[in-house]
>>> print(open('upload-v8.tsv').read())   # TSV, C-alpha atoms (C1' of nucleotides)
chain	number	residue	atom	x	y	z
T	1	MET	CA	28.04	34.73	10.90
T	2	PRO	CA	24.79	36.57	11.63
T	3	GLY	CA	25.99	37.22	15.22
T	4	SER	CA	29.18	39.03	14.26
T	5	ALA	CA	27.36	40.96	11.53
T	6	ASN	CA	24.82	42.10	14.09
T	7	PHE	CA	27.56	43.20	16.45
T	8	LEU	CA	29.18	45.24	13.72
T	9	THR	CA	25.87	46.88	12.88
T	10	LYS	CA	25.37	47.76	16.52
T	11	ASN	CA	28.85	49.20	16.86
T	12	LYS	CA	28.41	51.18	13.68
T	13	SER	CA	25.25	52.69	15.02
T	14	ILE	CA	26.93	53.54	18.30
T	15	ILE	CA	29.88	55.12	16.53
T	16	LEU	CA	27.54	57.08	14.31
T	17	TYR	CA	25.63	58.14	17.38
T	18	GLY	CA	28.85	59.35	19.01
T	19	ILE	CA	29.81	61.39	15.97
T	20	PHE	CA	26.31	62.81	15.75
T	21	LEU	CA	26.44	63.73	19.42
T	22	ALA	CA	29.76	65.51	18.99
T	23	LEU	CA	28.43	67.48	16.04
T	24	LEU	CA	25.37	68.42	18.03
T	25	LEU	CA	27.46	69.67	20.90
T	26	PHE	CA	29.33	71.95	18.54
T	27	LEU	CA	26.04	73.15	17.19
T	28	LEU	CA	24.78	73.75	20.71
T	29	LYS	CA	27.86	75.72	21.58
T	30	TRP	CA	27.33	77.92	18.58
T	31	LEU	CA	23.63	78.32	19.19
T	32	GLU	CA	24.30	79.15	22.82
T	33	LEU	CA	25.73	82.53	22.00
T	34	HIS	CA	22.72	83.58	20.01
T	35	PHE	CA	20.14	82.23	22.39
T	36	LEU	CA	21.73	83.42	25.60
T	37	ILE	CA	21.09	86.98	24.50
T	38	MET	CA	17.42	86.50	24.05
T	39	SER	CA	16.79	84.32	27.05
T	40	HIS	CA	13.10	84.30	26.26
T	41	ALA	CA	13.81	81.95	23.45
T	42	PHE	CA	15.35	79.42	25.80
T	43	GLU	CA	12.22	77.30	25.89
T	44	ILE	CA	12.37	77.05	22.12
T	45	TYR	CA	15.97	75.91	22.35
T	46	ALA	CA	15.19	73.25	24.95
T	47	GLY	CA	12.20	72.13	22.91
T	48	ALA	CA	14.38	71.86	19.83
T	49	ILE	CA	16.86	69.73	21.73
T	50	ALA	CA	14.05	67.60	23.09
T	51	ILE	CA	12.53	67.04	19.65
T	52	ILE	CA	15.87	66.34	17.97
T	53	PHE	CA	16.97	63.88	20.62
T	54	THR	CA	13.61	62.20	20.77
T	55	ALA	CA	13.83	61.70	17.01
T	56	LEU	CA	17.38	60.46	17.46
T	57	GLY	CA	16.22	58.01	20.11
T	58	ILE	CA	13.46	56.71	17.90
T	59	TRP	CA	15.83	56.36	14.97
T	60	LEU	CA	18.36	54.53	17.15
T	61	ALA	CA	15.77	52.18	18.53
T	62	LEU	CA	14.43	51.36	15.08
T	63	LYS	CA	17.94	50.91	13.75
T	64	LEU	CA	19.10	48.68	16.56
T	65	THR	CA	15.99	46.56	16.73
T	66	LYS	CA	16.58	43.85	14.15
T	67	PRO	CA	13.53	42.11	12.84
T	68	LYS	CA	13.37	38.85	14.65
T	69	THR	CA	13.06	36.23	11.97
T	70	VAL	CA	11.96	32.94	13.42
T	71	LEU	CA	12.19	30.13	10.94
T	72	ILE	CA	10.07	27.16	11.84
T	73	GLU	CA	10.59	24.06	9.76
T	74	LYS	CA	7.68	21.73	10.00
T	75	GLU	CA	8.63	18.34	8.74
T	76	ILE	CA	5.63	16.23	8.13
T	77	PHE	CA	6.77	12.70	7.61
T	78	THR	CA	4.35	10.05	6.52
T	79	PRO	CA	5.82	6.72	7.45
T	80	ARG	CA	2.59	5.22	6.14
T	81	SER	CA	2.36	2.80	9.00
T	82	GLU	CA	1.91	5.57	11.55
T	83	THR	CA	-0.28	7.97	9.69
T	84	PHE	CA	-2.84	5.96	7.79
T	85	ILE	CA	-6.08	7.83	7.32
T	86	LEU	CA	-8.97	5.91	5.87
T	87	ASN	CA	-10.48	7.54	2.82
T	88	GLU	CA	-14.11	7.35	3.84
T	89	LYS	CA	-15.30	9.27	0.82
T	90	GLU	CA	-13.95	6.63	-1.55
T	91	LEU	CA	-15.36	3.96	0.70
T	92	MET	CA	-18.81	5.48	0.39
T	93	ARG	CA	-18.43	6.14	-3.30
T	94	LEU	CA	-17.59	2.53	-3.97
T	95	ASN	CA	-20.28	1.25	-1.60
T	96	ILE	CA	-17.87	-0.98	0.26
T	97	SER	CA	-19.37	-2.31	3.49
T	98	LYS	CA	-17.62	-2.71	6.84
T	99	ARG	CA	-17.41	-6.45	6.48
T	100	GLU	CA	-16.03	-6.22	2.99
T	101	LEU	CA	-13.38	-3.77	4.16
T	102	GLU	CA	-12.51	-6.16	6.95
T	103	VAL	CA	-12.03	-8.96	4.49
T	104	LEU	CA	-10.00	-6.69	2.23
T	105	GLN	CA	-7.75	-5.79	5.11
T	106	LEU	CA	-7.02	-9.38	6.04
T	107	MET	CA	-6.54	-10.21	2.40
T	108	SER	CA	-3.88	-7.52	2.11
T	109	GLU	CA	-2.09	-8.97	5.10
T	110	GLY	CA	-1.48	-12.10	3.10
T	111	LEU	CA	-4.11	-14.39	4.57
T	112	SER	CA	-5.78	-17.11	2.49
T	113	ASN	CA	-9.54	-17.20	2.11
T	114	GLN	CA	-9.71	-20.10	4.55
T	115	GLU	CA	-7.65	-18.17	7.10
T	116	ILE	CA	-9.87	-15.14	6.73
T	117	ALA	CA	-12.96	-17.30	7.15
T	118	SER	CA	-11.57	-18.82	10.34
T	119	ARG	CA	-10.54	-15.42	11.64
T	120	LEU	CA	-14.02	-13.98	11.12
T	121	PHE	CA	-15.87	-17.17	12.18
T	122	VAL	CA	-17.67	-17.56	8.89
T	123	SER	CA	-17.54	-20.10	6.10
T	124	LEU	CA	-15.12	-20.13	3.19
T	125	ASN	CA	-18.01	-19.51	0.81
T	126	THR	CA	-18.94	-16.34	2.63
T	127	ILE	CA	-15.46	-14.97	2.12
T	128	LYS	CA	-15.63	-15.91	-1.53
T	129	THR	CA	-18.82	-13.95	-2.02
T	130	HIS	CA	-17.31	-10.97	-0.20
T	131	ASN	CA	-14.31	-11.22	-2.48
T	132	ALA	CA	-16.48	-11.33	-5.58
T	133	ARG	CA	-18.29	-8.17	-4.46
T	134	LEU	CA	-14.98	-6.48	-3.65
T	135	PHE	CA	-13.47	-7.32	-7.01
T	136	GLU	CA	-16.56	-5.97	-8.70
T	137	LYS	CA	-16.49	-2.71	-6.72
T	138	LEU	CA	-12.77	-2.24	-7.06
T	139	GLU	CA	-12.79	-3.31	-10.70
T	140	ALA	CA	-10.18	-5.94	-9.97
T	141	LYS	CA	-9.70	-9.34	-11.49
T	142	ARG	CA	-7.55	-10.75	-8.72
T	143	ARG	CA	-7.01	-10.22	-5.03
T	144	THR	CA	-3.56	-8.78	-5.64
T	145	GLN	CA	-5.09	-6.20	-7.96
T	146	ALA	CA	-7.80	-5.40	-5.43
T	147	ILE	CA	-5.13	-4.84	-2.78
T	148	GLU	CA	-3.13	-2.56	-5.09
T	149	THR	CA	-6.18	-0.45	-5.90
T	150	ALA	CA	-7.34	-0.32	-2.29
T	151	LYS	CA	-3.91	0.87	-1.16
T	152	LYS	CA	-3.85	3.57	-3.79
T	153	LEU	CA	-7.27	4.75	-2.66
T	154	ASN	CA	-6.21	4.69	1.00
T	155	LEU	CA	-8.81	2.15	1.91
T	156	ILE	CA	-6.19	0.02	3.64
T	157	PRO	CA	-2.74	0.88	5.12
Q	158	MET	CA	-9.36	42.88	17.99
Q	159	PRO	CA	-5.55	43.12	17.90
Q	160	GLY	CA	-5.89	46.21	15.64
Q	161	SER	CA	-8.01	48.22	18.04
Q	162	ALA	CA	-5.93	47.09	20.99
Q	163	ASN	CA	-2.86	48.33	19.20
Q	164	PHE	CA	-4.54	51.64	18.50
Q	165	LEU	CA	-5.41	52.03	22.16
Q	166	THR	CA	-1.89	51.20	23.16
Q	167	LYS	CA	-0.57	53.78	20.72
Q	168	ASN	CA	-2.93	56.47	21.99
Q	169	LYS	CA	-2.04	55.68	25.56
Q	170	SER	CA	1.59	56.07	24.76
Q	171	ILE	CA	0.99	59.38	23.03
Q	172	ILE	CA	-1.07	60.68	25.94
Q	173	LEU	CA	1.58	59.54	28.38
Q	174	TYR	CA	4.16	61.19	26.22
Q	175	GLY	CA	2.21	64.45	26.32
Q	176	ILE	CA	1.95	64.38	30.11
Q	177	PHE	CA	5.60	63.54	30.41
Q	178	LEU	CA	6.46	66.41	28.13
Q	179	ALA	CA	4.40	68.85	30.19
Q	180	LEU	CA	6.06	67.72	33.41
Q	181	LEU	CA	9.44	68.04	31.82
Q	182	LEU	CA	8.67	71.60	30.74
Q	183	PHE	CA	7.83	72.51	34.28
Q	184	LEU	CA	11.02	70.88	35.41
Q	185	LEU	CA	12.92	72.81	32.79
Q	186	LYS	CA	11.38	76.08	33.86
Q	187	TRP	CA	12.41	75.42	37.41
Q	188	LEU	CA	15.88	74.23	36.49
Q	189	GLU	CA	16.28	77.23	34.26
Q	190	LEU	CA	16.53	79.58	37.22
Q	191	HIS	CA	19.33	77.63	38.79
Q	192	PHE	CA	21.29	77.01	35.65
Q	193	LEU	CA	21.00	80.45	34.18
Q	194	ILE	CA	23.08	81.76	37.08
Q	195	MET	CA	25.88	79.39	36.50
Q	196	SER	CA	25.88	79.48	32.75
Q	197	HIS	CA	28.91	77.24	32.68
Q	198	ALA	CA	26.70	74.36	33.63
Q	199	PHE	CA	24.54	74.92	30.58
Q	200	GLU	CA	26.24	72.15	28.65
Q	201	ILE	CA	25.36	69.74	31.43
Q	202	TYR	CA	21.76	70.90	31.22
Q	203	ALA	CA	21.63	70.42	27.46
Q	204	GLY	CA	23.31	67.03	27.80
Q	205	ALA	CA	20.76	65.98	30.38
Q	206	ILE	CA	17.94	66.98	28.09
Q	207	ALA	CA	19.58	65.16	25.21
Q	208	ILE	CA	20.03	61.97	27.21
Q	209	ILE	CA	16.54	62.08	28.70
Q	210	PHE	CA	14.87	62.68	25.37
Q	211	THR	CA	16.99	60.13	23.60
Q	212	ALA	CA	15.91	57.60	26.19
Q	213	LEU	CA	12.33	58.76	25.74
Q	214	GLY	CA	12.62	58.36	21.99
Q	215	ILE	CA	14.01	54.86	22.34
Q	216	TRP	CA	11.29	53.94	24.81
Q	217	LEU	CA	8.62	55.38	22.50
Q	218	ALA	CA	9.96	53.58	19.48
Q	219	LEU	CA	10.15	50.26	21.31
Q	220	LYS	CA	6.70	50.77	22.76
Q	221	LEU	CA	5.05	51.72	19.50
Q	222	THR	CA	6.85	49.24	17.33
Q	223	LYS	CA	5.09	45.88	17.48
Q	224	PRO	CA	7.54	43.05	17.83
Q	225	LYS	CA	8.78	42.38	14.36
Q	226	THR	CA	8.51	38.65	14.22
Q	227	VAL	CA	8.56	37.04	10.83
Q	228	LEU	CA	7.32	33.49	10.87
Q	229	ILE	CA	8.32	31.27	7.99
Q	230	GLU	CA	6.73	27.87	7.98
Q	231	LYS	CA	8.17	25.25	5.71
Q	232	GLU	CA	6.07	22.18	5.23
Q	233	ILE	CA	8.00	19.23	3.96
Q	234	PHE	CA	5.71	16.49	2.78
Q	235	THR	CA	7.00	13.04	2.08
Q	236	PRO	CA	4.44	11.20	0.02
Q	237	ARG	CA	5.49	7.58	0.16
Q	238	SER	CA	5.28	7.13	-3.58
Q	239	GLU	CA	7.99	9.70	-4.13
Q	240	THR	CA	10.43	8.49	-1.56
Q	241	PHE	CA	10.81	4.78	-2.16
Q	242	ILE	CA	14.34	3.62	-1.57
Q	243	LEU	CA	15.17	0.02	-2.35
Q	244	ASN	CA	16.63	-1.83	0.59
Q	245	GLU	CA	19.58	-3.41	-1.17
Q	246	LYS	CA	20.98	-4.89	1.99
Q	247	GLU	CA	17.87	-6.97	2.54
Q	248	LEU	CA	17.90	-7.88	-1.12
Q	249	MET	CA	21.44	-9.23	-0.77
Q	250	ARG	CA	20.72	-10.88	2.53
Q	251	LEU	CA	17.79	-12.78	1.07
Q	252	ASN	CA	19.66	-13.59	-2.14
Q	253	ILE	CA	16.90	-12.29	-4.34
Q	254	SER	CA	18.01	-11.95	-7.96
Q	255	LYS	CA	17.12	-9.12	-10.35
Q	256	ARG	CA	14.70	-11.25	-12.27
Q	257	GLU	CA	13.01	-12.43	-9.15
Q	258	LEU	CA	12.60	-8.86	-7.95
Q	259	GLU	CA	11.14	-7.96	-11.32
Q	260	VAL	CA	8.60	-10.74	-11.02
Q	261	LEU	CA	7.84	-9.70	-7.46
Q	262	GLN	CA	7.24	-6.16	-8.60
Q	263	LEU	CA	4.78	-7.14	-11.31
Q	264	MET	CA	3.12	-9.52	-8.89
Q	265	SER	CA	2.54	-6.67	-6.44
Q	266	GLU	CA	0.97	-4.62	-9.21
Q	267	GLY	CA	-1.77	-7.20	-9.42
Q	268	LEU	CA	-0.71	-9.11	-12.51
Q	269	SER	CA	-1.42	-12.84	-12.88
Q	270	ASN	CA	1.38	-15.28	-13.55
Q	271	GLN	CA	0.33	-15.51	-17.18
Q	272	GLU	CA	0.38	-11.74	-17.52
Q	273	ILE	CA	3.81	-11.54	-15.93
Q	274	ALA	CA	5.06	-14.26	-18.28
Q	275	SER	CA	3.77	-12.36	-21.31
Q	276	ARG	CA	5.22	-9.11	-20.03
Q	277	LEU	CA	8.65	-10.64	-19.58
Q	278	PHE	CA	8.49	-12.81	-22.73
Q	279	VAL	CA	8.97	-16.06	-20.87
Q	280	SER	CA	6.80	-19.07	-20.21
Q	281	LEU	CA	4.27	-19.45	-17.44
Q	282	ASN	CA	6.36	-22.21	-15.92
Q	283	THR	CA	9.34	-19.90	-15.63
Q	284	ILE	CA	7.29	-17.44	-13.61
Q	285	LYS	CA	6.10	-20.26	-11.42
Q	286	THR	CA	9.61	-21.33	-10.60
Q	287	HIS	CA	10.57	-17.72	-9.88
Q	288	ASN	CA	7.58	-17.51	-7.59
Q	289	ALA	CA	8.52	-20.69	-5.77
Q	290	ARG	CA	12.02	-19.29	-5.15
Q	291	LEU	CA	10.59	-15.99	-3.99
Q	292	PHE	CA	8.18	-17.61	-1.57
Q	293	GLU	CA	11.00	-19.67	-0.17
Q	294	LYS	CA	13.27	-16.66	0.31
Q	295	LEU	CA	10.55	-14.45	1.71
Q	296	GLU	CA	9.16	-17.23	3.85
Q	297	ALA	CA	5.73	-16.71	2.32
Q	298	LYS	CA	3.01	-19.20	1.58
Q	299	ARG	CA	1.13	-17.06	-0.90
Q	300	ARG	CA	1.86	-14.24	-3.30
Q	301	THR	CA	-0.13	-11.82	-1.16
Q	302	GLN	CA	2.04	-12.69	1.81
Q	303	ALA	CA	5.17	-12.31	-0.26
Q	304	ILE	CA	4.02	-8.86	-1.35
Q	305	GLU	CA	3.27	-7.83	2.23
Q	306	THR	CA	6.69	-8.95	3.43
Q	307	ALA	CA	8.47	-7.37	0.48
Q	308	LYS	CA	6.74	-4.06	1.11
Q	309	LYS	CA	7.67	-4.13	4.76
Q	310	LEU	CA	11.29	-4.78	3.83
Q	311	ASN	CA	11.24	-1.98	1.24
Q	312	LEU	CA	11.99	-4.34	-1.59
Q	313	ILE	CA	9.09	-2.93	-3.58
Q	314	PRO	CA	7.25	0.42	-3.38
A	315	DT	C1'	38.18	-22.70	-18.48
A	316	DG	C1'	35.19	-24.72	-15.24
A	317	DA	C1'	32.13	-24.58	-11.32
A	318	DA	C1'	28.43	-21.91	-9.24
A	319	DA	C1'	24.56	-19.15	-9.75
A	320	DA	C1'	20.84	-17.50	-12.50
A	321	DA	C1'	17.35	-18.07	-15.83
A	322	DT	C1'	14.78	-20.84	-18.56
A	323	DC	C1'	11.25	-24.56	-19.52
A	324	DA	C1'	8.55	-28.89	-18.80
A	325	DT	C1'	5.28	-32.27	-16.58
A	326	DC	C1'	2.27	-33.86	-13.11
A	327	DC	C1'	-0.48	-33.00	-9.48
A	328	DT	C1'	-2.89	-30.59	-5.54
A	329	DA	C1'	-4.65	-26.57	-3.38
A	330	DA	C1'	-6.50	-22.33	-3.55
A	331	DA	C1'	-8.85	-18.74	-5.89
A	332	DG	C1'	-12.43	-17.09	-8.51
A	333	DT	C1'	-17.28	-17.38	-11.12
A	334	DA	C1'	-22.11	-18.08	-11.35
A	335	DT	C1'	-26.27	-18.66	-9.28
A	336	DG	C1'	-29.60	-19.22	-5.75
A	337	DA	C1'	-31.31	-18.48	-1.29
A	338	DA	C1'	-32.30	-17.17	3.55
A	339	DG	C1'	-32.10	-14.31	7.82
A	340	DG	C1'	-31.44	-9.66	9.84
A	341	DC	C1'	-31.83	-4.86	10.04
A	342	DA	C1'	-32.94	-0.20	8.98
A	343	DA	C1'	-35.19	3.26	6.33
A	344	DA	C1'	-39.19	4.62	3.74
Z	345	DT	C1'	-44.86	-3.40	6.62
Z	346	DT	C1'	-42.36	-3.60	2.63
Z	347	DT	C1'	-38.19	-2.64	0.20
Z	348	DG	C1'	-33.37	-2.67	-0.15
Z	349	DC	C1'	-28.93	-3.74	1.60
Z	350	DC	C1'	-25.84	-6.57	4.26
Z	351	DT	C1'	-24.40	-10.82	5.63
Z	352	DT	C1'	-24.46	-15.35	5.50
Z	353	DC	C1'	-24.15	-20.00	3.27
Z	354	DA	C1'	-24.40	-23.54	-0.41
Z	355	DT	C1'	-23.36	-26.08	-4.78
Z	356	DA	C1'	-21.07	-26.72	-8.99
Z	357	DC	C1'	-17.69	-25.51	-11.96
Z	358	DT	C1'	-13.44	-23.17	-14.08
Z	359	DT	C1'	-9.23	-20.99	-13.60
Z	360	DT	C1'	-5.17	-19.83	-11.42
Z	361	DA	C1'	-1.72	-20.60	-8.06
Z	362	DG	C1'	1.48	-23.33	-5.97
Z	363	DG	C1'	4.53	-27.69	-5.00
Z	364	DA	C1'	7.84	-31.14	-6.40
Z	365	DT	C1'	11.12	-32.55	-9.47
Z	366	DG	C1'	14.19	-32.68	-13.26
Z	367	DA	C1'	16.57	-30.67	-17.03
Z	368	DT	C1'	18.83	-27.25	-20.28
Z	369	DT	C1'	21.01	-23.01	-21.25
Z	370	DT	C1'	23.23	-18.61	-20.08
Z	371	DT	C1'	25.92	-15.83	-17.20
Z	372	DT	C1'	29.24	-14.86	-13.95
Z	373	DC	C1'	33.27	-15.14	-11.53
Z	374	DA	C1'	37.36	-17.15	-9.62
>>> encode(input="upload-v8.tsv", output="structure tokens")
Amino acid sequence: MPGSANFLTKNKSIILYGIFLALLLFLLKWLELHFLIMSHAFEIYAGAIAIIFTALGIWLALKLTKPKTVLIEKEIFTPRSETFILNEKELMRLNISKRELEVLQLMSEGLSNQEIASRLFVSLNTIKTHNARLFEKLEAKRRTQAIETAKKLNLIP
Amino acid sequence: MPGSANFLTKNKSIILYGIFLALLLFLLKWLELHFLIMSHAFEIYAGAIAIIFTALGIWLALKLTKPKTVLIEKEIFTPRSETFILNEKELMRLNISKRELEVLQLMSEGLSNQEIASRLFVSLNTIKTHNARLFEKLEAKRRTQAIETAKKLNLIP
DNA sequence: TGAAAAATCATCCTAAAGTATGAAGGCAAA
DNA sequence: TTTGCCTTCATACTTTAGGATGATTTTTCA
């Protein structure tokens, strides 16, 4: 659609230009008689033609040059697995340590306390104390609640 | 920077235009002698001037007119909370009932079994049996694991 | 209408989670 | 060096979660 419309616009301009040219030629023919007599004024005549046609050229160029509209659609998908960005501000605000975050992470992956302990080479009790601190800081009663909150705050993916 | 550069470019063009004009006037003066004799060729002379100056006008316009490029940037954000689509195929495949999904949902929100029971006006034991079924179907050992799996399968937001 | 599936509830028991409290070693900043 | 924070571990206890099993009541669909 925009292609054919453009073509029409171009043709219109060309047709208009043709008509304008024809009219000008008639005008020139008429002017010729007057100006031929006083040949001193020939420079004025040529200058007039130059100015008129320069203006015509400018007008044509401006008319024919369509504003190039480039539409760039930036789609920013967040498939959450790819684009997780840790919210370090919240992390600092809540005073959650690296180790605690580590535990939280594993917790959210569905591991039991014992599994987390084994994974991190520490005792079950250590994990329990980490949990207690986490629940306190995240204002959670249960691990599931802690995970929910942490995900909302972008502390874990 | 681009402003002053543009200004320079414009001035250059105008200066060039002036020089070109001067040269053309000389050319005209010279041509005048030849064409005045054969006044029949005057139309050709005028036409040449018209064409030359039209071309000049077009060139000037194109030179002076900065490329009209309109950039439209559309940013389409997809914040995961807005775009949750339940994966009904997986739901059917795993034979998870409406009630079970409901329980799963509340579970993922961090509620305890007792809280879920109260919310749904059923007994704690009922929730436990639902859980057992869910864990079986989702191949999970714990509720946290069930939640993880369910989220991955887009069964819950 | 009658069988299958879904939802409900119960009991008993074990495992895991969570609470409370105390304590010790390490490390970095004041 | 001392203070504070992190990390670690322990013990004792309570609560919640989860497993196994059986049973009753709706609901649904052929």
>>> interface_residues(input="upload-v8.tsv", of="chain T", to="chain Z", cutoff="8 Å", atoms="only C-alpha atoms (C1' of nucleotides)", output="PDB file with C-alpha atoms, in the frame of the given file")
ATOM      1  CA  SER T  97     -19.370  -2.310   3.490  1.00  0.00           C
ATOM      2  CA  VAL T 122     -17.670 -17.560   8.890  1.00  0.00           C
ATOM      3  CA  SER T 123     -17.540 -20.100   6.100  1.00  0.00           C
ATOM      4  CA  ASN T 125     -18.010 -19.510   0.810  1.00  0.00           C
ATOM      5  CA  THR T 126     -18.940 -16.340   2.630  1.00  0.00           C
TER       6      THR T 126
END
>>> atom_distance(input="upload-v8.tsv", atom1="atom C1' of A:DA317", atom2="atom CA of Q:Glu259")
26.8 Å
>>> atom_distance(input="upload-v8.tsv", atom1="atom CA of Q:Arg290", atom2="atom CA of Q:Asn311")
18.5 Å
>>> residues_around(input="upload-v8.tsv", residues="Q:Glu305", least_positions_apart="2", cutoff="12 Å", atoms="only C-alpha atoms (C1' of nucleotides)", output="number ranges by chain")
T: 105-111, 144, 147-148, 151, 157; Q: 261-262, 264-265, 292, 295-303, 307-314
>>> residues_around(input="upload-v8.tsv", residues="T:Ile52", least_positions_apart="5", cutoff="10 Å", atoms="only C-alpha atoms (C1' of nucleotides)", output="tab-separated table (two decimals) with C-alpha atoms, keeping the file's coordinate frame")
chain	number	residue	atom	x	y	z
T	24	LEU	CA	25.37	68.42	18.03
T	46	ALA	CA	15.19	73.25	24.95
T	47	GLY	CA	12.20	72.13	22.91
T	57	GLY	CA	16.22	58.01	20.11
T	58	ILE	CA	13.46	56.71	17.90
Q	207	ALA	CA	19.58	65.16	25.21
Q	210	PHE	CA	14.87	62.68	25.37
Q	211	THR	CA	16.99	60.13	23.60
Q	214	GLY	CA	12.62	58.36	21.99
>>> atom_distance(input="upload-v8.tsv", atom1="atom CA of Q:Asn270", atom2="atom CA of Q:Lys285")
7.2 Å
>>> interface_residues(input="upload-v8.tsv", of="chain A", to="chain T", cutoff="10 Å", atoms="all atoms listed in the file", output="PyMOL selection string")
chain A and resi 330-333
>>> closest_residue(input="upload-v8.tsv", among="T:Leu124, T:Ala55, T:Ala117, T:Ala22", to="chain Q", atoms="only C-alpha atoms")
T:Ala55
>>> closest_residue(input="upload-v8.tsv", among="Q:Leu248, Q:Leu180, Q:Ala205, Q:Leu213", to="chain T", atoms="only C-alpha atoms")
Q:Leu213
>>> closest_residue(input="upload-v8.tsv", among="Q:Glu272, Q:Glu293, Q:Leu251, Q:Thr306", to="chain T", atoms="only C-alpha atoms")
Q:Thr306
